Every structure is written in C-alpha cells, then in structure tokens.
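Written out below as structure tokens is the structure these notes cover.
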Amino acid sequence: MQFDFDESAPLYQQLADQLEEMIFSGGFDEGSQVPSTTQLSQQLHINPATVLKGMNILVAKDLLEKRRGLGMFVKKGAQQKIMEQRKESFYNDYVKSLLIEAGKLGITKQHLLDLIERGEKDESING
Amino acid sequence: MNQLTVKNLVKKYRHTTVLDDISFTLEPAKIYGLLGRNGAGKTTLLNIISNRLFPTSGDVQIAGEDVNNNDALLSKIFLMSEVNLYPREMKINQTFDLADAAYGDFDYDLANRLLKTFELDGDAKVTNLSTGQRTASKIIVALAVNAEYVLLDEPILGLDANHREAFYQELVKTYQEKPRTFVLSTHLIEEIQQLVEHVLILDQHKIIVDDGLDSMLAKAYTISGPTKLVDDYVAGLKVLKTELMGNIKTTYIFDDLDDQRPIPDQVKINHYDLQHLFIYLTDGGEK
C-alpha cells in the first residue's frame, strides 16, 4: 500500500482520494476489510483524527461501512459507485478543460475529432 | 480530563522580555506542535507550564486552578527537556522508577519494550549515553509516564532516521491506546506536520498563530502569474512573501481567498506547506 502526499489539498482529502483509487482499482475487494485508523495512522505517522476524517469521507460517500467492533469494510457495489461518480465528473474534469484549452489554441471541432481518432490508434495509450 | 490554560504569561529577565503576554489553551487528548525559532522562548514557556520556572506575571491553570505549587495538578504535567536533571550515576532503569515515584502507574511494560526498540540497555548509566541515546531514554520515560499533559522539548535531538521513525510510530500508538495531550516543541517541522492537530507558533516572544493545522494550511496559498494580474488579485490579502522571476510574480498568501473575486486564466493558485508558512511568518528577525 503506497500513499503519496503533497500540498495540493488537505491531508484527509488526499487520504480519502487515494483510498478511493485503491478501491476502484481493486486493491481492496468489495466486502473486504480496509486497514484500521490505528494501522494507517501508525504506519503513515498521521494524526488519528486526520485519518478518521479521511475515512469518514468515504463512509459518507457510501464506499466504506463501519462494522461495530470489527472495523471498516468496502461496501458491496463500491466500485460501480465510483465508476458512476467518475463518469458524472468526466465532463467537468476532462471535457470542459479540453474544450477550453482547444479554444485557446484555435483548434477546431473537426481537428479535435481527428485528434481523438488518432488517439484511438495510438499504441502508447492502448498498448 | 480538563483543559490546561495559560493566562497572560510574562517572563522577564532584568531588561529582556522572554515571554510577552502569552495566552492559549491546551485541550485534553490532542497533539500540538509548538513551533518557534531558536530563542523564541519555547523552552522557557514549557518550563513555566511545568513549574520549573516562575513567571514574572500571569499563570498556568488546570480546570481553573493555578498549578503553581499544586502537587496534585503538577502530577498531570510532564516535561521532557534537553537538560539532564538526573544524578550522574543513575541508570536508565532508575529514571523509570523516578517517574513512577513522582507520577505513579509508570508503564514498565511499554518502557521495557521501547528499550529494545531504541536498542538501549536499561542498566546503562545515563551519563555514559550518546546524545541520541540520551534523547531515546528520555522519550521512553515521556511515553510511559502517567501524565495527562506531556510536553516534549526538542524530542528528536540527535536521533537517527530509524529512531525518529520509531518515535513517531510509538507516539501515535500510545496516543491511540491512551489519548492524552502531547506538545511537540521543535524546529524540525516537516517531520511532525502530519502528526499534529493544532499548531502554536511563538515568534518574537508572542504567540502569533494558535490554530488547527487544517484551517491554517487552508489559508496558505501561492498565487502566481503575470505581475499586474497577481497584484490585482492579491490586493487586500495578507501577503507574507513575494518572488519575482521575469514578469512572473509569485506571492505567498496567508489569508482566506475571496470567492467572489474572479481568478484570471493566467493566474495559478496552489497551496504550500507548514515548513514554508512557518519560515515566512517568522522571517522578521529582531525588530
């Protein structure tokens, strides 16, 4: 388990994001237990309150569930849920900024479509 | 458990003011970072809180009662300090007994386990230890002592990377098992940033920041871009430092940004870390 923190966002947010990514990529199976607040804070030397805050973000997003006395577990359907959330934000996160940058560079719609086709054939992306 | 309150503390030595009207509160079961440059008064402050020094005026209270000469209250406060208070011939094991006698319920199991972690021999004399070993032996006492407020003055002095790592891990562990208040006084900020929940910055003998780490860092922004645009955007905000490279200006802000103010395309906004925030906040030198 590898975490990598920078100054881009509060620590608890980065922790939540990276745990979410691990769930999404199958690093933790649905129904399986994730490391406890205790384990994470000891391993990463992060204040337990911070770790808990990060975990609670994922509980609020319905990706983790607390089982009393046992610990935190990945909820059934969590991967699917993350997939849906990401599809929803795909437009804002990628399409919008793509169009804004294209506009700045004077790239036409047809040119953009050509570029997308080129990308589909690009082995460095699909290979 | 109760709050520890520092009230209008002043400490003067003849004509020098070391602490100038210091007030703050330590909450139960929280990890604090006490940051300050050398000579800012951190050690004096910790010595006064633990009643090793007397203030010129002001006081330290727990649950509204002055701790001065109050043994019951002072037994809630432990200070791990740089100075060596033990007799020359004392062995590490005996420092455990001393802490047990003064505070009761010393956690010998933990202490003995930590001796192995820090590769120390309990029968070694404190005076024969290297700086790093002496620090480690004090850390063991500080983590195993039965006190609600544990103050650590430069707790990683001379420790190598492995032992610093071990210290951070053991600190978090014992904090989780038995929540109590720790104050880490240090200038090695980068390493403790993730451990502390609340930050106190002592500068020029005054407390200039008393804030939660998250809310503090949330106000630490760098704004960079073309000079004119950056100047317009940061007008009225608290700017700590400015860097100019060609026509690109970078300002370090410590303030809330105005959500209503539009951000020009060419202007980039980022966050920066506690270490730099500390440096820029305390970079004034003696005024």
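Labeling convention for the structure tokens: chains A, B, ... as they appear, residues from 1 per chain, ligands from 1 in order of appearance.
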Hey, what's within 10 Å of B:Arg261 if we count only C-alpha atoms and toss same-chain stuff fewer than 6 positions away? As an mmCIF file with N, CA and C atoms, in the first residue's frame, please?
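Just written: around39.cif:
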```
data_model
loop_
_atom_site.group_PDB
_atom_site.id
_atom_site.type_symbol
_atom_site.label_atom_id
_atom_site.label_comp_id
_atom_site.auth_asym_id
_atom_site.auth_seq_id
_atom_site.Cartn_x
_atom_site.Cartn_y
_atom_site.Cartn_z
ATOM 1 N N ASP B 232 -3.342 42.644 -8.736
ATOM 2 C CA ASP B 232 -4.777 42.939 -8.632
ATOM 3 C C ASP B 232 -5.476 41.900 -7.772
ATOM 4 N N TYR B 233 -5.106 40.641 -8.023
ATOM 5 C CA TYR B 233 -5.825 39.570 -7.331
ATOM 6 C C TYR B 233 -5.542 39.564 -5.833
ATOM 7 N N VAL B 234 -4.301 39.859 -5.424
ATOM 8 C CA VAL B 234 -3.960 39.746 -4.003
ATOM 9 C C VAL B 234 -4.176 41.042 -3.223
#
```
For stretch 181-186 of chain B, please output as a list of chain:residue names all residues within 6 Å (counting only C-alpha atoms; exclusion window: fewer than 3 positions along the same chain).
B:Pro28, B:Ala29, B:Lys30, B:Ile31, B:Tyr32, B:Gly33, B:Leu34, B:Leu35, B:Tyr149, B:Val150, B:Leu151, B:Leu152, B:Asp153, B:Glu154
Using only C-alpha atoms, I'd like a table of the residues in chain A that come within 10 Å of chain B; for each, show the closest atom pair and its distance in Å rounded to one decimal, ordered by chain and ascending number, as JSON lines.
```
{"residue": "A:Asp6", "atom": "CA", "partner": "B:Asp273", "partner_atom": "CA", "distance": 8.5}
{"residue": "A:Glu7", "atom": "CA", "partner": "B:His271", "partner_atom": "CA", "distance": 5.6}
{"residue": "A:Ser8", "atom": "CA", "partner": "B:His271", "partner_atom": "CA", "distance": 5.7}
{"residue": "A:Ala9", "atom": "CA", "partner": "B:His271", "partner_atom": "CA", "distance": 7.4}
{"residue": "A:Pro10", "atom": "CA", "partner": "B:Asp214", "partner_atom": "CA", "distance": 6.5}
{"residue": "A:Leu11", "atom": "CA", "partner": "B:Gln194", "partner_atom": "CA", "distance": 7.9}
{"residue": "A:Tyr12", "atom": "CA", "partner": "B:Asp214", "partner_atom": "CA", "distance": 9.0}
{"residue": "A:Thr37", "atom": "CA", "partner": "B:Gln176", "partner_atom": "CA", "distance": 9.6}
{"residue": "A:Thr38", "atom": "CA", "partner": "B:Gln176", "partner_atom": "CA", "distance": 7.1}
{"residue": "A:Gln39", "atom": "CA", "partner": "B:Lys173", "partner_atom": "CA", "distance": 9.0}
{"residue": "A:Ser41", "atom": "CA", "partner": "B:Val172", "partner_atom": "CA", "distance": 6.9}
{"residue": "A:Gln42", "atom": "CA", "partner": "B:Gln169", "partner_atom": "CA", "distance": 5.1}
{"residue": "A:Gln43", "atom": "CA", "partner": "B:Gln169", "partner_atom": "CA", "distance": 6.9}
{"residue": "A:Leu44", "atom": "CA", "partner": "B:Gln169", "partner_atom": "CA", "distance": 8.2}
{"residue": "A:His45", "atom": "CA", "partner": "B:Gln169", "partner_atom": "CA", "distance": 6.0}
{"residue": "A:Ile46", "atom": "CA", "partner": "B:Gln194", "partner_atom": "CA", "distance": 4.8}
{"residue": "A:Asn47", "atom": "CA", "partner": "B:Leu195", "partner_atom": "CA", "distance": 4.5}
{"residue": "A:Pro48", "atom": "CA", "partner": "B:Gln176", "partner_atom": "CA", "distance": 7.5}
{"residue": "A:Ala49", "atom": "CA", "partner": "B:Glu197", "partner_atom": "CA", "distance": 7.6}
{"residue": "A:Thr50", "atom": "CA", "partner": "B:Glu197", "partner_atom": "CA", "distance": 7.8}
```
For those residues, write C-alpha atoms to a file as a CSV table (one decimal), in the first residue's frame.
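Result file follows (out01.csv):
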```csv
chain,number,residue,atom,x,y,z
A,6,ASP,CA,1.7,16.7,-1.5
A,7,GLU,CA,0.4,20.2,-0.6
A,8,SER,CA,-2.4,20.2,-3.2
A,9,ALA,CA,-5.2,19.5,-0.7
A,10,PRO,CA,-5.8,18.8,3.0
A,11,LEU,CA,-4.2,15.6,4.1
A,12,TYR,CA,-7.5,13.9,4.9
A,37,THR,CA,-7.5,4.1,11.6
A,38,THR,CA,-4.9,2.8,14.1
A,39,GLN,CA,-2.9,0.9,11.5
A,41,SER,CA,-2.0,6.4,11.4
A,42,GLN,CA,0.8,4.4,12.9
A,43,GLN,CA,2.2,3.4,9.5
A,44,LEU,CA,1.9,6.8,8.0
A,45,HIS,CA,2.6,8.8,11.1
A,46,ILE,CA,-0.5,10.8,10.6
A,47,ASN,CA,-2.6,12.1,13.4
A,48,PRO,CA,-5.5,9.6,14.1
A,49,ALA,CA,-8.1,12.5,13.8
A,50,THR,CA,-6.9,13.2,10.3
```
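Each of A:Leu105, A:Met72, A:Leu64, A:Ile57 was checked against A:Pro35 using only C-alpha atoms; the smallest atom-to-atom distance is that of A:Met72.
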Check stretch 56-138 of chain B with DSSP on the backbone and list each residue it calls alpha helix (DSSP H), as an MDAnalysis selection string.
chainID B and resid 71:74 92:103 108:117 131:138
Would you save the residues from that selection as an mmCIF file, in the first residue's frame, using C-alpha atoms?
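So the final result, stored in part_12.cif, reads:
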```
data_model
loop_
_atom_site.group_PDB
_atom_site.id
_atom_site.type_symbol
_atom_site.label_atom_id
_atom_site.label_comp_id
_atom_site.auth_asym_id
_atom_site.auth_seq_id
_atom_site.Cartn_x
_atom_site.Cartn_y
_atom_site.Cartn_z
ATOM 1 C CA ASP B 71 1.305 18.875 43.525
ATOM 2 C CA ALA B 72 -1.943 17.230 42.515
ATOM 3 C CA LEU B 73 -2.141 19.338 39.372
ATOM 4 C CA LEU B 74 1.572 19.239 38.613
ATOM 5 C CA ILE B 92 18.126 4.251 32.682
ATOM 6 C CA ASN B 93 16.024 1.787 34.686
ATOM 7 C CA GLN B 94 16.223 4.070 37.700
ATOM 8 C CA THR B 95 14.837 7.002 35.708
ATOM 9 C CA PHE B 96 11.771 4.805 35.179
ATOM 10 C CA ASP B 97 11.465 4.308 38.937
ATOM 11 C CA LEU B 98 11.796 8.030 39.454
ATOM 12 C CA ALA B 99 8.931 8.731 37.056
ATOM 13 C CA ASP B 100 6.905 6.014 38.762
ATOM 14 C CA ALA B 101 7.522 7.566 42.176
ATOM 15 C CA ALA B 102 6.553 11.041 41.009
ATOM 16 C CA TYR B 103 3.584 10.236 38.748
ATOM 17 C CA TYR B 108 7.032 -0.561 32.704
ATOM 18 C CA ASP B 109 5.871 -2.981 30.004
ATOM 19 C CA LEU B 110 5.923 -0.257 27.400
ATOM 20 C CA ALA B 111 9.220 1.138 28.693
ATOM 21 C CA ASN B 112 10.929 -2.253 28.546
ATOM 22 C CA ARG B 113 9.637 -2.871 25.046
ATOM 23 C CA LEU B 114 10.872 0.563 23.969
ATOM 24 C CA LEU B 115 14.336 -0.150 25.370
ATOM 25 C CA LYS B 116 14.604 -2.859 22.724
ATOM 26 C CA THR B 117 13.098 -0.631 20.032
ATOM 27 C CA THR B 131 23.194 12.455 22.664
ATOM 28 C CA GLY B 132 20.876 10.309 20.569
ATOM 29 C CA GLN B 133 20.743 7.553 23.170
ATOM 30 C CA ARG B 134 20.021 10.045 25.918
ATOM 31 C CA THR B 135 17.181 11.501 23.880
ATOM 32 C CA ALA B 136 15.823 7.992 23.297
ATOM 33 C CA SER B 137 15.941 7.192 27.020
ATOM 34 C CA LYS B 138 14.012 10.392 27.758
#
```
Atom CA of B:Arg180 and atom CA of B:Asp105, how far apart in Å?
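For atom CA of B:Asp105 relative to atom CA of B:Arg180, the distance reads 14.9 Å.
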Just how far from atom CA of B:Asn51 is atom CA of B:Asn2, in Å to one decimal?
17.8 Å
Interatomic distance, atom CA of A:Ala102 to atom CA of A:Glu84 (Å, one decimal)
26.5 Å
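With distances taken over only C-alpha atoms, B:Asp255 is the one residue among B:Asp255, B:Glu27, B:Asp21, B:Asp66 lying closest to B:Gly236.
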All residues 10 Å or closer to stretch 14-18 of chain A, only C-alpha atoms, same chain fewer than 6 positions away omitted, as a VMD selection string:
chain A and resid 2 to 8 24 40 50 to 59
Selection above as a file: N, CA and C atoms, as a short mmCIF file (atom, residue, chain, number, x, y, z; two decimals), in the first residue's frame:
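Saved as selection_11.cif:
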```
data_model
loop_
_atom_site.label_atom_id
_atom_site.label_comp_id
_atom_site.auth_asym_id
_atom_site.auth_seq_id
_atom_site.Cartn_x
_atom_site.Cartn_y
_atom_site.Cartn_z
N GLN A 2 0.75 2.05 -1.03
CA GLN A 2 1.64 3.19 -1.18
C GLN A 2 0.82 4.48 -1.23
N PHE A 3 1.08 5.36 -0.27
CA PHE A 3 0.44 6.66 -0.30
C PHE A 3 1.47 7.72 -0.66
N ASP A 4 1.01 8.76 -1.28
CA ASP A 4 1.92 9.80 -1.73
C ASP A 4 1.23 11.15 -1.52
N PHE A 5 1.75 11.93 -0.56
CA PHE A 5 1.06 13.17 -0.22
C PHE A 5 1.81 14.39 -0.72
N ASP A 6 1.07 15.42 -1.10
CA ASP A 6 1.69 16.70 -1.46
C ASP A 6 0.89 17.83 -0.80
N GLU A 7 1.05 19.02 -1.29
CA GLU A 7 0.39 20.17 -0.64
C GLU A 7 -0.89 20.58 -1.36
N SER A 8 -1.33 19.77 -2.33
CA SER A 8 -2.43 20.21 -3.19
C SER A 8 -3.76 20.32 -2.47
N PHE A 24 -11.17 1.46 -6.20
CA PHE A 24 -11.58 1.44 -7.61
C PHE A 24 -10.71 0.48 -8.43
N LEU A 40 -3.34 2.69 9.93
CA LEU A 40 -2.94 3.73 8.98
C LEU A 40 -2.17 4.85 9.66
N THR A 50 -6.95 12.94 11.74
CA THR A 50 -6.88 13.20 10.30
C THR A 50 -7.29 11.96 9.51
N VAL A 51 -6.78 10.81 9.93
CA VAL A 51 -7.10 9.56 9.23
C VAL A 51 -8.61 9.30 9.31
N LEU A 52 -9.15 9.51 10.51
CA LEU A 52 -10.57 9.27 10.72
C LEU A 52 -11.42 10.17 9.82
N LYS A 53 -10.99 11.42 9.70
CA LYS A 53 -11.70 12.38 8.86
C LYS A 53 -11.72 11.89 7.40
N GLY A 54 -10.58 11.38 6.94
CA GLY A 54 -10.49 10.86 5.58
C GLY A 54 -11.39 9.66 5.38
N MET A 55 -11.36 8.73 6.35
CA MET A 55 -12.22 7.54 6.30
C MET A 55 -13.69 7.92 6.24
N ASN A 56 -14.04 8.93 7.05
CA ASN A 56 -15.44 9.32 7.14
C ASN A 56 -15.97 9.92 5.85
N ILE A 57 -15.06 10.50 5.05
CA ILE A 57 -15.47 10.99 3.74
C ILE A 57 -15.97 9.81 2.89
N LEU A 58 -15.23 8.70 2.97
CA LEU A 58 -15.62 7.53 2.18
C LEU A 58 -16.86 6.84 2.75
N VAL A 59 -17.05 6.95 4.05
CA VAL A 59 -18.29 6.43 4.65
C VAL A 59 -19.47 7.26 4.16
#
```
Expected answer as a PyMOL selection string: strand (DSSP E) residues in stretch 192-272 of chain B
chain B and resi 198-203+206-212+220-226+239-245+248-254+268-271
Since we have the selection now, will you write its residues out, keeping N, CA and C atoms, as a short mmCIF file (atom, residue, chain, number, x, y, z; two decimals), in the first residue's frame?
```cif
data_model
loop_
_atom_site.label_atom_id
_atom_site.label_comp_id
_atom_site.auth_asym_id
_atom_site.auth_seq_id
_atom_site.Cartn_x
_atom_site.Cartn_y
_atom_site.Cartn_z
N HIS B 198 -3.02 20.62 16.05
CA HIS B 198 -3.14 22.04 16.35
C HIS B 198 -1.74 22.65 16.42
N VAL B 199 -1.60 23.87 15.96
CA VAL B 199 -0.29 24.50 15.90
C VAL B 199 -0.26 25.80 16.71
N LEU B 200 0.81 25.93 17.51
CA LEU B 200 1.08 27.20 18.19
C LEU B 200 2.41 27.70 17.66
N ILE B 201 2.45 28.92 17.18
CA ILE B 201 3.73 29.48 16.74
C ILE B 201 4.12 30.63 17.65
N LEU B 202 5.33 30.49 18.20
CA LEU B 202 5.86 31.51 19.09
C LEU B 202 6.90 32.30 18.31
N ASP B 203 6.69 33.59 18.20
CA ASP B 203 7.65 34.41 17.48
C ASP B 203 7.79 35.75 18.16
N LYS B 206 5.93 36.28 21.38
CA LYS B 206 4.46 36.26 21.42
C LYS B 206 3.93 35.07 20.63
N ILE B 207 2.69 34.64 20.96
CA ILE B 207 2.04 33.61 20.15
C ILE B 207 1.43 34.32 18.93
N ILE B 208 1.91 33.99 17.74
CA ILE B 208 1.36 34.66 16.56
C ILE B 208 0.36 33.77 15.80
N VAL B 209 0.39 32.47 16.07
CA VAL B 209 -0.62 31.59 15.46
C VAL B 209 -1.07 30.58 16.51
N ASP B 210 -2.37 30.40 16.62
CA ASP B 210 -2.97 29.41 17.52
C ASP B 210 -4.16 28.88 16.75
N ASP B 211 -3.93 27.79 15.99
CA ASP B 211 -4.96 27.38 15.04
C ASP B 211 -4.83 25.89 14.72
N GLY B 212 -5.92 25.30 14.27
CA GLY B 212 -5.87 23.91 13.80
C GLY B 212 -5.01 23.84 12.55
N ALA B 220 -3.03 28.95 3.43
CA ALA B 220 -1.69 29.12 2.84
C ALA B 220 -1.75 28.88 1.32
N TYR B 221 -1.77 29.96 0.57
CA TYR B 221 -1.86 29.86 -0.88
C TYR B 221 -0.66 30.51 -1.56
N THR B 222 -0.22 29.94 -2.67
CA THR B 222 0.65 30.70 -3.55
C THR B 222 -0.18 31.15 -4.73
N ILE B 223 -0.01 32.40 -5.11
CA ILE B 223 -0.70 32.95 -6.26
C ILE B 223 0.40 33.38 -7.23
N SER B 224 0.42 32.81 -8.42
CA SER B 224 1.48 33.23 -9.34
C SER B 224 0.95 33.45 -10.74
N GLY B 225 1.64 34.34 -11.45
CA GLY B 225 1.22 34.69 -12.80
C GLY B 225 1.80 36.04 -13.17
N PRO B 226 1.32 36.63 -14.26
CA PRO B 226 1.80 37.96 -14.66
C PRO B 226 1.64 38.98 -13.52
N VAL B 239 -0.09 39.20 2.45
CA VAL B 239 1.00 38.62 1.66
C VAL B 239 2.23 38.47 2.56
N LEU B 240 2.76 37.23 2.64
CA LEU B 240 3.92 37.00 3.50
C LEU B 240 5.23 37.18 2.75
N LYS B 241 5.20 36.85 1.46
CA LYS B 241 6.45 36.87 0.71
C LYS B 241 6.14 36.99 -0.77
N THR B 242 7.03 37.64 -1.49
CA THR B 242 6.86 37.82 -2.92
C THR B 242 8.13 37.42 -3.64
N GLU B 243 7.97 36.67 -4.72
CA GLU B 243 9.13 36.33 -5.56
C GLU B 243 8.85 36.79 -6.97
N LEU B 244 9.88 37.33 -7.61
CA LEU B 244 9.70 37.81 -8.97
C LEU B 244 10.69 37.11 -9.88
N MET B 245 10.19 36.53 -10.97
CA MET B 245 11.07 35.89 -11.93
C MET B 245 10.62 36.35 -13.29
N ILE B 248 6.93 37.15 -14.09
CA ILE B 248 6.03 36.27 -13.34
C ILE B 248 6.24 36.50 -11.85
N LYS B 249 5.15 36.81 -11.19
CA LYS B 249 5.23 37.09 -9.77
C LYS B 249 4.57 35.96 -8.99
N THR B 250 5.23 35.53 -7.90
CA THR B 250 4.61 34.54 -7.02
C THR B 250 4.47 35.16 -5.64
N THR B 251 3.26 35.15 -5.12
CA THR B 251 3.07 35.67 -3.76
C THR B 251 2.62 34.53 -2.86
N TYR B 252 3.09 34.58 -1.63
CA TYR B 252 2.68 33.61 -0.62
C TYR B 252 1.68 34.29 0.29
N ILE B 253 0.46 33.79 0.24
CA ILE B 253 -0.65 34.40 0.98
C ILE B 253 -0.92 33.60 2.24
N PHE B 254 -1.29 34.31 3.31
CA PHE B 254 -1.81 33.62 4.49
C PHE B 254 -3.12 34.31 4.84
N LYS B 268 -2.19 31.19 -11.43
CA LYS B 268 -2.26 29.84 -10.84
C LYS B 268 -2.32 29.94 -9.32
N ILE B 269 -3.17 29.12 -8.74
CA ILE B 269 -3.30 29.10 -7.29
C ILE B 269 -2.95 27.72 -6.75
N ASN B 270 -2.05 27.68 -5.79
CA ASN B 270 -1.65 26.42 -5.18
C ASN B 270 -1.55 26.60 -3.67
N HIS B 271 -1.31 25.46 -3.00
CA HIS B 271 -1.05 25.53 -1.57
C HIS B 271 0.44 25.32 -1.30
#
```
